[in-house]
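Source file: query.cif. Holds: mmCIF, C-alpha atoms and all ligand atoms.
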data_structure
#
loop_
_atom_site.group_PDB
_atom_site.id
_atom_site.type_symbol
_atom_site.label_atom_id
_atom_site.label_comp_id
_atom_site.auth_asym_id
_atom_site.auth_seq_id
_atom_site.Cartn_x
_atom_site.Cartn_y
_atom_site.Cartn_z
ATOM 1 C CA MET A 1 0.000 0.000 0.000
ATOM 2 C CA ASN A 2 1.355 3.354 -0.990
ATOM 3 C CA LEU A 3 2.229 5.855 1.669
ATOM 4 C CA ILE A 4 1.408 9.493 1.010
ATOM 5 C CA ARG A 5 2.164 12.761 2.728
ATOM 6 C CA LEU A 6 -0.280 15.660 2.550
ATOM 7 C CA VAL A 7 0.484 19.174 3.750
ATOM 8 C CA TYR A 8 -2.063 21.972 4.043
ATOM 9 C CA TYR A 9 -2.432 25.408 5.546
ATOM 10 C CA SER A 10 -5.547 27.043 6.953
ATOM 11 C CA GLN A 11 -6.792 29.877 9.086
ATOM 12 C CA ARG A 12 -8.693 29.577 12.322
ATOM 13 C CA ASN A 13 -12.315 30.627 11.913
ATOM 14 C CA PRO A 14 -12.482 33.715 14.171
ATOM 15 C CA SER A 15 -16.283 33.384 14.432
ATOM 16 C CA LEU A 16 -16.166 29.989 16.147
ATOM 17 C CA SER A 17 -14.760 28.911 19.459
ATOM 18 C CA LEU A 18 -11.799 26.586 19.226
ATOM 19 C CA GLU A 19 -11.025 24.020 21.890
ATOM 20 C CA LEU A 20 -7.709 22.498 20.854
ATOM 21 C CA ARG A 21 -8.018 19.700 23.389
ATOM 22 C CA ASP A 22 -11.247 18.459 21.760
ATOM 23 C CA LEU A 23 -9.749 18.818 18.318
ATOM 24 C CA ILE A 24 -6.655 16.798 19.189
ATOM 25 C CA ALA A 25 -8.802 14.179 20.927
ATOM 26 C CA SER A 26 -10.728 13.640 17.672
ATOM 27 C CA CYS A 27 -7.398 13.440 15.778
ATOM 28 C CA HIS A 28 -6.195 10.658 18.079
ATOM 29 C CA ARG A 29 -9.562 8.906 18.008
ATOM 30 C CA ASN A 30 -9.732 8.825 14.212
ATOM 31 C CA ASN A 31 -6.096 8.744 13.117
ATOM 32 C CA THR A 32 -4.903 5.862 15.277
ATOM 33 C CA PRO A 33 -7.184 3.175 13.772
ATOM 34 C CA ASN A 34 -6.372 4.486 10.283
ATOM 35 C CA ASN A 35 -2.584 4.427 10.847
ATOM 36 C CA ILE A 36 -2.408 8.147 10.096
ATOM 37 C CA THR A 37 0.413 10.077 11.711
ATOM 38 C CA GLY A 38 1.530 13.678 11.463
ATOM 39 C CA ILE A 39 1.889 17.025 13.096
ATOM 40 C CA LEU A 40 -0.341 20.053 13.556
ATOM 41 C CA HIS A 41 1.228 23.436 14.187
ATOM 42 C CA TYR A 42 -1.107 26.204 15.369
ATOM 43 C CA ASN A 43 0.373 29.654 15.823
ATOM 44 C CA GLY A 44 -2.774 31.260 17.240
ATOM 45 C CA THR A 45 -4.171 32.243 13.831
ATOM 46 C CA TYR A 46 -3.008 29.712 11.257
ATOM 47 C CA PHE A 47 -2.744 25.939 11.097
ATOM 48 C CA GLN A 48 -0.141 23.930 9.235
ATOM 49 C CA GLN A 49 -0.775 20.225 9.230
ATOM 50 C CA VAL A 50 0.954 17.159 7.822
ATOM 51 C CA LEU A 51 -0.954 13.902 7.383
ATOM 52 C CA GLU A 52 0.933 10.710 6.565
ATOM 53 C CA GLY A 53 -0.625 7.337 5.796
ATOM 54 C CA GLY A 54 -2.375 5.316 3.118
ATOM 55 C CA ARG A 55 -3.852 7.141 0.108
ATOM 56 C CA ALA A 56 -7.478 6.331 0.858
ATOM 57 C CA GLU A 57 -7.182 7.068 4.580
ATOM 58 C CA VAL A 58 -5.342 10.375 4.145
ATOM 59 C CA SER A 59 -7.756 11.440 1.361
ATOM 60 C CA SER A 60 -10.904 10.826 3.368
ATOM 61 C CA THR A 61 -9.403 12.421 6.477
ATOM 62 C CA TYR A 62 -8.325 15.509 4.545
ATOM 63 C CA HIS A 63 -11.759 15.899 2.922
ATOM 64 C CA ARG A 64 -13.374 15.691 6.352
ATOM 65 C CA ILE A 65 -10.933 18.212 7.830
ATOM 66 C CA ALA A 66 -11.355 20.636 4.906
ATOM 67 C CA LYS A 67 -15.111 20.824 5.620
ATOM 68 C CA ASP A 68 -14.604 21.558 9.311
ATOM 69 C CA PRO A 69 -16.074 25.012 10.118
ATOM 70 C CA ARG A 70 -13.445 25.633 12.797
ATOM 71 C CA HIS A 71 -11.043 26.732 10.093
ATOM 72 C CA ILE A 72 -11.319 28.578 6.775
ATOM 73 C CA ASN A 73 -9.202 29.297 3.683
ATOM 74 C CA VAL A 74 -7.823 25.759 3.580
ATOM 75 C CA ILE A 75 -4.970 25.620 1.043
ATOM 76 C CA LEU A 76 -3.486 22.314 -0.079
ATOM 77 C CA ILE A 77 0.289 22.794 -0.252
ATOM 78 C CA SER A 78 1.385 19.341 -1.330
ATOM 79 C CA CYS A 79 0.327 15.718 -1.608
ATOM 80 C CA SER A 80 2.737 13.067 -2.823
ATOM 81 C CA ASP A 81 3.864 9.470 -2.518
ATOM 82 C CA VAL A 82 6.661 9.032 0.001
ATOM 83 C CA ARG A 83 8.978 6.173 0.888
ATOM 84 C CA GLU A 84 8.726 6.657 4.622
ATOM 85 C CA ARG A 85 7.050 8.783 7.264
ATOM 86 C CA ILE A 86 8.762 11.870 8.704
ATOM 87 C CA PHE A 87 6.335 11.911 11.646
ATOM 88 C CA PRO A 88 5.934 8.251 12.572
ATOM 89 C CA THR A 89 5.493 8.819 16.295
ATOM 90 C CA TRP A 90 2.256 10.746 16.753
ATOM 91 C CA SER A 91 -1.279 10.018 15.648
ATOM 92 C CA MET A 92 -1.190 13.828 15.598
ATOM 93 C CA GLY A 93 1.483 15.822 17.395
ATOM 94 C CA LEU A 94 0.368 19.331 18.366
ATOM 95 C CA HIS A 95 2.835 22.189 18.400
ATOM 96 C CA GLU A 96 1.202 25.396 19.555
ATOM 97 C CA GLY A 97 2.267 29.022 19.676
ATOM 98 C CA MET A 98 4.855 31.308 18.148
ATOM 99 C CA ASP A 99 7.302 32.130 20.917
ATOM 100 C CA ASP A 100 10.861 33.323 20.248
ATOM 101 C CA LYS A 101 12.201 29.783 20.078
ATOM 102 C CA THR A 102 9.599 28.804 17.473
ATOM 103 C CA LYS A 103 10.320 31.998 15.485
ATOM 104 C CA ARG A 104 14.007 31.074 15.421
ATOM 105 C CA VAL A 105 13.123 27.682 13.956
ATOM 106 C CA PHE A 106 11.140 29.379 11.144
ATOM 107 C CA LEU A 107 13.983 31.854 10.581
ATOM 108 C CA ARG A 108 16.435 28.972 10.178
ATOM 109 C CA TYR A 109 14.609 27.981 6.971
ATOM 110 C CA PHE A 110 12.771 31.133 5.849
ATOM 111 C CA SER A 111 13.619 34.818 5.508
ATOM 112 C CA ASN A 112 10.803 35.673 7.917
ATOM 113 C CA ALA A 113 8.564 33.810 10.311
ATOM 114 C CA GLU A 114 5.376 34.452 8.275
ATOM 115 C CA VAL A 115 4.631 31.573 5.923
ATOM 116 C CA ASN A 116 2.871 32.441 2.669
ATOM 117 C CA PRO A 117 0.980 29.268 1.706
ATOM 118 C CA GLU A 118 0.896 30.338 -1.959
ATOM 119 C CA THR A 119 4.659 30.422 -2.293
ATOM 120 C CA VAL A 120 6.087 28.394 0.573
ATOM 121 C CA ASN A 121 8.675 25.750 -0.279
ATOM 122 C CA VAL A 122 7.182 22.551 1.089
ATOM 123 C CA ASP A 123 10.555 20.951 1.868
ATOM 124 C CA SER A 124 11.559 23.938 4.010
ATOM 125 C CA LEU A 125 8.172 23.853 5.737
ATOM 126 C CA LEU A 126 8.646 20.149 6.484
ATOM 127 C CA ASP A 127 12.117 20.932 7.898
ATOM 128 C CA VAL A 128 10.523 23.502 10.215
ATOM 129 C CA LEU A 129 7.795 21.106 11.322
ATOM 130 C CA GLN A 130 10.301 18.323 11.878
ATOM 131 C CA ASP A 131 12.406 20.609 14.096
ATOM 132 C CA LEU A 132 9.279 21.666 16.009
ATOM 133 C CA SER A 133 8.239 18.031 16.434
ATOM 134 C CA ALA A 134 11.560 17.351 18.165
ATOM 135 C CA GLU A 135 10.356 19.640 20.962
ATOM 136 C CA LEU A 136 7.261 17.492 21.582
ATOM 137 C CA SER A 137 7.637 14.863 24.230
HETATM 138 P P1 LIG B 201 -16.472 14.999 16.508
HETATM 139 O O1 LIG B 201 -15.063 15.366 16.857
HETATM 140 O O2 LIG B 201 -17.359 14.536 17.615
HETATM 141 O O3 LIG B 201 -17.150 16.223 15.753
HETATM 142 C C1 LIG B 201 -18.470 16.098 15.201
HETATM 143 C C2 LIG B 201 -18.745 17.260 14.279
HETATM 144 O O4 LIG B 201 -18.820 18.477 15.014
HETATM 145 C C3 LIG B 201 -17.698 17.441 13.184
HETATM 146 O O5 LIG B 201 -18.346 17.710 11.966
HETATM 147 C C4 LIG B 201 -16.918 18.653 13.650
HETATM 148 O O6 LIG B 201 -16.394 19.345 12.530
HETATM 149 C C5 LIG B 201 -17.959 19.432 14.427
HETATM 150 N N1 LIG B 201 -17.389 20.220 15.518
HETATM 151 C C6 LIG B 201 -16.764 19.745 16.608
HETATM 152 N N2 LIG B 201 -16.401 20.765 17.423
HETATM 153 C C7 LIG B 201 -16.845 21.897 16.840
HETATM 154 C C8 LIG B 201 -16.791 23.280 17.193
HETATM 155 N N3 LIG B 201 -16.198 23.725 18.319
HETATM 156 N N4 LIG B 201 -17.336 24.177 16.336
HETATM 157 C C9 LIG B 201 -17.938 23.768 15.192
HETATM 158 N N5 LIG B 201 -18.015 22.484 14.810
HETATM 159 C C10 LIG B 201 -17.474 21.562 15.616
HETATM 160 N N6 LIG B 201 -9.792 14.963 12.402
HETATM 161 C C11 LIG B 201 -9.110 13.798 12.244
HETATM 162 O O7 LIG B 201 -9.721 12.742 12.265
HETATM 163 N N7 LIG B 201 -7.758 13.796 12.044
HETATM 164 C C12 LIG B 201 -7.020 14.934 11.996
HETATM 165 O O8 LIG B 201 -5.799 14.866 11.862
HETATM 166 C C13 LIG B 201 -7.711 16.172 12.148
HETATM 167 N N8 LIG B 201 -7.048 17.354 12.083
HETATM 168 C C14 LIG B 201 -7.752 18.514 12.167
HETATM 169 C C15 LIG B 201 -7.069 19.738 12.030
HETATM 170 C C16 LIG B 201 -7.760 20.941 12.077
HETATM 171 C C17 LIG B 201 -7.013 22.242 11.931
HETATM 172 C C18 LIG B 201 -9.171 20.942 12.279
HETATM 173 C C19 LIG B 201 -9.927 22.233 12.335
HETATM 174 C C20 LIG B 201 -9.852 19.743 12.404
HETATM 175 C C21 LIG B 201 -9.164 18.527 12.378
HETATM 176 N N9 LIG B 201 -9.812 17.309 12.522
HETATM 177 C C22 LIG B 201 -9.127 16.136 12.362
HETATM 178 C C23 LIG B 201 -11.228 17.244 12.898
HETATM 179 C C24 LIG B 201 -12.087 16.920 11.695
HETATM 180 O O9 LIG B 201 -12.298 18.080 10.948
HETATM 181 C C25 LIG B 201 -13.440 16.357 12.153
HETATM 182 O O10 LIG B 201 -14.086 17.269 12.999
HETATM 183 C C26 LIG B 201 -13.256 15.079 12.908
HETATM 184 O O11 LIG B 201 -12.451 14.180 12.181
HETATM 185 C C27 LIG B 201 -14.627 14.451 13.189
HETATM 186 O O12 LIG B 201 -14.389 13.595 14.236
HETATM 187 P P2 LIG B 201 -15.568 12.812 14.887
HETATM 188 O O13 LIG B 201 -16.258 12.054 13.796
HETATM 189 O O14 LIG B 201 -14.996 12.023 15.992
HETATM 190 O O15 LIG B 201 -16.575 13.910 15.365
#

What does this structure look like when you write it as structure tokens?
Amino acid sequence: MNLIRLVYYSQRNPSLSLELRDLIASCHRNNTPNNITGILHYNGTYFQQVLEGGRAEVSSTYHRIAKDPRHINVILISCSDVRERIFPTWSMGLHEGMDDKTKRVFLRYFSNAEVNPETVNVDSLLDVLQDLSAELS
């Protein structure tokens, strides 16, 4: 079975309340039985998420997520076959916030800490997310 990696970017819906604990609980509940792993970075306004797993499982999960009213302006950055997972450990690791340490990680790979989803280099974004995932216990 082919393994794919999907990366997207979205914006929190400011009109709806967001309880990250509930959101992550549903990630664990649904991703674990589907062998989906990944990371979700939330900086207070924007989400960047990586989903890794089988084609069918990642597709149906992404379509469900894209319809979720808790976020808007969902932009698919990349979706491709991969040989192995970068984020094998978490059914969905959550990295939250944009403190100075996190900014420095973005600045290691980008000229500024603001990611433009229209132009972002996906490999650099994955480098950032991999570095951030190293901070998760
Ligand atoms: P529940 O979690 O019980 O939700 C039932 C319904 O209520 C869903 O339609 C949900 O969208 C809606 N809902 C729940 N809370 C709220 C709220 N506060 N405001 C408005 N509507 C609400 N799901 C995964 O399975 N895997 C993921 O990796 C994943 N990542 C996500 C990342 C982001 C940024 C967001 C916003 C959502 C993500 N989700 C993920 C959640 C996904 O969109 C679905 O809500 C979830 O998969 C449905 O899970 P459930 O069937 O257990 O229903």

Build an axis-aligned box that encloses every atom of ligand LIG 201 (chain B) listed in the file, pad it by 8 Å on each side, and report its centre and edge lengths in Å to one decimal, as lines of an AutoDock Vina configuration file.
center_x = -12.3
center_y = 18.1
center_z = 14.6
size_x = 29.0
size_y = 28.2
size_z = 23.4

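Residue nearest A:Leu40, chosen from A:Ser124, A:Thr102, A:Ser91, A:Ser78 and counting all atoms listed in the file: A:Ser91.
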
Practice prompt. Carefully work through the PyMOL selection byres (((not hetatm)) within 8 of (chain B and resi 201)) for this structure and note down the residues it includes, as a ChimeraX atom specification.
Written response: /A:10,12,16-19,22-31,36-38,40,42,47-49,51,61-62,64-71,91-92

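Of note, atom CA of A:Asp131 and atom CA of A:Gly44 are spaced 18.8 Å apart.
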
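Candidate residues A:Thr32, A:Thr45, A:Ser133, A:Asn73 were compared for distance to A:Pro117, and the nearest is A:Asn73, using all atoms listed in the file.
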
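When only C-alpha atoms are used to compute distances to A:Ser60, the closest of the residues A:Leu132, A:Leu6, A:Val115, A:Met1 turns out to be A:Leu6.
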
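The space separating atom CA of A:Asp123 from atom CA of A:Glu135 comes to 19.1 Å.
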
Item to complete: State, in Å with one decimal place, the distance from atom CA of A:Asp99 to atom CA of A:Ala134.
Response: 15.6 Å

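Minimum atom-to-atom distance to A:Val74, evaluated using only C-alpha atoms, belongs to A:Asn13 out of A:Asn2, A:Gln130, A:Asn121, A:Asn13.
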
I need the residue set behind the PyMOL selection byres (((chain A and resi 109) around 8) and not hetatm) for this file; please write it as an mmCIF file with C-alpha atoms, in the frame of the given file.
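For reference, expr-v5.cif as written:
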data_model
loop_
_atom_site.group_PDB
_atom_site.id
_atom_site.type_symbol
_atom_site.label_atom_id
_atom_site.label_comp_id
_atom_site.auth_asym_id
_atom_site.auth_seq_id
_atom_site.Cartn_x
_atom_site.Cartn_y
_atom_site.Cartn_z
ATOM 1 C CA VAL A 105 13.123 27.682 13.956
ATOM 2 C CA PHE A 106 11.140 29.379 11.144
ATOM 3 C CA LEU A 107 13.983 31.854 10.581
ATOM 4 C CA ARG A 108 16.435 28.972 10.178
ATOM 5 C CA PHE A 110 12.771 31.133 5.849
ATOM 6 C CA SER A 111 13.619 34.818 5.508
ATOM 7 C CA SER A 124 11.559 23.938 4.010
ATOM 8 C CA LEU A 125 8.172 23.853 5.737
ATOM 9 C CA ASP A 127 12.117 20.932 7.898
ATOM 10 C CA VAL A 128 10.523 23.502 10.215
#

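In this comparison, which uses all atoms listed in the file, the residue of A:Leu20, A:Glu118, A:Val58, A:Ser15 approaching A:Ile75 most closely is A:Glu118.
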
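With all atoms listed in the file as the atoms that count, the minimum distance from A:His95 to the choices A:Asn116, A:Ser59, A:Ser80, A:Asn43 is reached by A:Asn43.
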
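The shell of residues at most 7 Å from A:Asp81, with only C-alpha atoms counted and near chain neighbours (fewer than 2 positions) removed, consists of A:Asn2, A:Leu3, A:Ile4, A:Arg5, A:Arg83.
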